[in-house]
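Take a look at the structure set out below.
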Amino acid sequence: MFDTSFSVDFPSDNAKSGILYSKLETAVIASFNAAGKIKPLYFQYTDLYGDDSSIKIENVLSSKEDHYAGLPVIIYSCVAVVQNKRLQCKLRYHIIEHYWEILY
């Protein structure tokens, strides 16, 4: 269930940031406050060679509740660090089904 693939788009060789792309399910480590608010801390991906990597989420820029296919989700806009480069990524948490995806 938690196998995923991803690709990283860096605008140039000297770029210090890029965008993380995927549309598959991923494993996420998150914290919950006393009110039940979720904050993603790390996510996992499997690279092209089958190796698992954990990625630290440096900052959650925003979160919003939305609906996907009529079902409630929370979309998190984040900054993650991959190979010492900061990448923007979006994570979508499916509230009813209890799973995460990395979004385009």
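Chain labels A, B, ... are given in the sequence in which chains occur in the structure tokens; within each chain residues are numbered consecutively from 1, and ligands are likewise numbered from 1 in the order shown.
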Near segment 39-42 of chain A, within 12 Å and counting only C-alpha atoms, which residues show up once chain neighbours fewer than 6 positions away are dropped, as an NGL selection string?
-> :A and (26-33 or 53-64 or 74-82 or 89-93 or 100-102)
N, CA and C atoms of the current selection, written as an mmCIF file, in the first residue's frame:
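File written: result33.cif
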```
data_model
loop_
_atom_site.group_PDB
_atom_site.id
_atom_site.type_symbol
_atom_site.label_atom_id
_atom_site.label_comp_id
_atom_site.auth_asym_id
_atom_site.auth_seq_id
_atom_site.Cartn_x
_atom_site.Cartn_y
_atom_site.Cartn_z
ATOM 1 N N THR A 26 1.890 7.268 -0.194
ATOM 2 C CA THR A 26 3.177 7.316 0.470
ATOM 3 C C THR A 26 2.976 7.158 1.967
ATOM 4 N N ALA A 27 4.004 6.699 2.656
ATOM 5 C CA ALA A 27 3.975 6.613 4.112
ATOM 6 C C ALA A 27 4.356 7.974 4.672
ATOM 7 N N VAL A 28 3.668 8.407 5.727
ATOM 8 C CA VAL A 28 3.932 9.700 6.349
ATOM 9 C C VAL A 28 3.987 9.507 7.860
ATOM 10 N N ILE A 29 4.952 10.170 8.502
ATOM 11 C CA ILE A 29 4.979 10.270 9.956
ATOM 12 C C ILE A 29 4.446 11.655 10.274
ATOM 13 N N ALA A 30 3.445 11.718 11.143
ATOM 14 C CA ALA A 30 2.802 12.986 11.469
ATOM 15 C C ALA A 30 2.623 13.103 12.976
ATOM 16 N N SER A 31 2.474 14.339 13.434
ATOM 17 C CA SER A 31 2.158 14.579 14.843
ATOM 18 C C SER A 31 0.737 15.115 14.928
ATOM 19 N N PHE A 32 0.116 14.904 16.065
ATOM 20 C CA PHE A 32 -1.237 15.368 16.319
ATOM 21 C C PHE A 32 -1.221 16.194 17.598
ATOM 22 N N ASN A 33 -1.848 17.365 17.564
ATOM 23 C CA ASN A 33 -1.933 18.146 18.788
ATOM 24 C C ASN A 33 -3.149 17.689 19.600
ATOM 25 N N SER A 53 13.535 5.751 1.166
ATOM 26 C CA SER A 53 14.156 6.939 1.748
ATOM 27 C C SER A 53 13.119 7.709 2.534
ATOM 28 N N SER A 54 13.532 8.214 3.692
ATOM 29 C CA SER A 54 12.659 9.074 4.488
ATOM 30 C C SER A 54 13.070 10.516 4.260
ATOM 31 N N ILE A 55 12.107 11.360 3.997
ATOM 32 C CA ILE A 55 12.343 12.771 3.702
ATOM 33 C C ILE A 55 11.762 13.613 4.827
ATOM 34 N N LYS A 56 12.569 14.504 5.385
ATOM 35 C CA LYS A 56 12.117 15.395 6.446
ATOM 36 C C LYS A 56 11.367 16.580 5.847
ATOM 37 N N ILE A 57 10.221 16.866 6.404
ATOM 38 C CA ILE A 57 9.464 18.053 6.016
ATOM 39 C C ILE A 57 9.974 19.194 6.878
ATOM 40 N N GLU A 58 10.584 20.165 6.229
ATOM 41 C CA GLU A 58 11.195 21.277 6.946
ATOM 42 C C GLU A 58 10.157 22.274 7.449
ATOM 43 N N ASN A 59 9.112 22.482 6.643
ATOM 44 C CA ASN A 59 8.118 23.502 6.991
ATOM 45 C C ASN A 59 6.797 23.174 6.311
ATOM 46 N N VAL A 60 5.713 23.352 7.027
ATOM 47 C CA VAL A 60 4.381 23.254 6.434
ATOM 48 C C VAL A 60 3.937 24.687 6.149
ATOM 49 N N LEU A 61 3.832 25.022 4.867
ATOM 50 C CA LEU A 61 3.482 26.383 4.473
ATOM 51 C C LEU A 61 2.005 26.678 4.690
ATOM 52 N N SER A 62 1.160 25.700 4.378
ATOM 53 C CA SER A 62 -0.276 25.888 4.559
ATOM 54 C C SER A 62 -0.972 24.540 4.549
ATOM 55 N N SER A 63 -2.193 24.541 5.056
ATOM 56 C CA SER A 63 -3.040 23.349 4.971
ATOM 57 C C SER A 63 -4.464 23.825 4.758
ATOM 58 N N LYS A 64 -5.223 23.027 4.004
ATOM 59 C CA LYS A 64 -6.623 23.386 3.786
ATOM 60 C C LYS A 64 -7.444 22.119 3.628
ATOM 61 N N ILE A 74 -7.338 16.660 3.444
ATOM 62 C CA ILE A 74 -6.577 17.837 3.866
ATOM 63 C C ILE A 74 -5.356 17.903 2.965
ATOM 64 N N ILE A 75 -5.117 19.068 2.367
ATOM 65 C CA ILE A 75 -3.971 19.258 1.475
ATOM 66 C C ILE A 75 -2.945 20.134 2.186
ATOM 67 N N TYR A 76 -1.727 19.621 2.277
ATOM 68 C CA TYR A 76 -0.630 20.316 2.940
ATOM 69 C C TYR A 76 0.377 20.761 1.894
ATOM 70 N N SER A 77 0.699 22.039 1.895
ATOM 71 C CA SER A 77 1.771 22.568 1.067
ATOM 72 C C SER A 77 3.008 22.640 1.954
ATOM 73 N N CYS A 78 4.089 21.952 1.542
ATOM 74 C CA CYS A 78 5.261 21.774 2.404
ATOM 75 C C CYS A 78 6.552 22.111 1.685
ATOM 76 N N VAL A 79 7.587 22.294 2.489
ATOM 77 C CA VAL A 79 8.951 22.381 1.994
ATOM 78 C C VAL A 79 9.694 21.202 2.604
ATOM 79 N N ALA A 80 10.284 20.368 1.750
ATOM 80 C CA ALA A 80 11.036 19.195 2.191
ATOM 81 C C ALA A 80 12.480 19.327 1.733
ATOM 82 N N VAL A 81 13.371 18.608 2.402
ATOM 83 C CA VAL A 81 14.783 18.633 2.042
ATOM 84 C C VAL A 81 15.158 17.273 1.466
ATOM 85 N N VAL A 82 15.562 17.264 0.181
ATOM 86 C CA VAL A 82 15.988 16.054 -0.508
ATOM 87 C C VAL A 82 17.390 16.302 -1.048
ATOM 88 N N CYS A 89 6.481 20.608 -2.054
ATOM 89 C CA CYS A 89 5.660 19.432 -2.320
ATOM 90 C C CYS A 89 4.296 19.623 -1.685
ATOM 91 N N LYS A 90 3.348 18.874 -2.156
ATOM 92 C CA LYS A 90 2.012 18.881 -1.575
ATOM 93 C C LYS A 90 1.659 17.461 -1.187
ATOM 94 N N LEU A 91 1.156 17.323 0.018
ATOM 95 C CA LEU A 91 0.690 16.041 0.517
ATOM 96 C C LEU A 91 -0.817 16.131 0.700
ATOM 97 N N ARG A 92 -1.494 15.066 0.325
ATOM 98 C CA ARG A 92 -2.954 15.030 0.506
ATOM 99 C C ARG A 92 -3.275 13.870 1.441
ATOM 100 N N TYR A 93 -3.969 14.203 2.538
ATOM 101 C CA TYR A 93 -4.387 13.193 3.499
ATOM 102 C C TYR A 93 -5.867 12.899 3.299
ATOM 103 N N TRP A 100 -2.145 8.755 2.679
ATOM 104 C CA TRP A 100 -1.494 9.960 2.173
ATOM 105 C C TRP A 100 -1.055 9.761 0.733
ATOM 106 N N GLU A 101 -1.026 10.884 -0.013
ATOM 107 C CA GLU A 101 -0.472 10.910 -1.367
ATOM 108 C C GLU A 101 0.423 12.125 -1.521
ATOM 109 N N ILE A 102 1.441 11.995 -2.356
ATOM 110 C CA ILE A 102 2.219 13.158 -2.793
ATOM 111 C C ILE A 102 1.542 13.637 -4.080
#
```
Could you please determine the separation between atom CA of Tyr45 of chain A and atom CA of Glu97 of chain A in Å, to one decimal place?
->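 Atom CA of Glu97 of chain A lies 19.6 Å from atom CA of Tyr45 of chain A.
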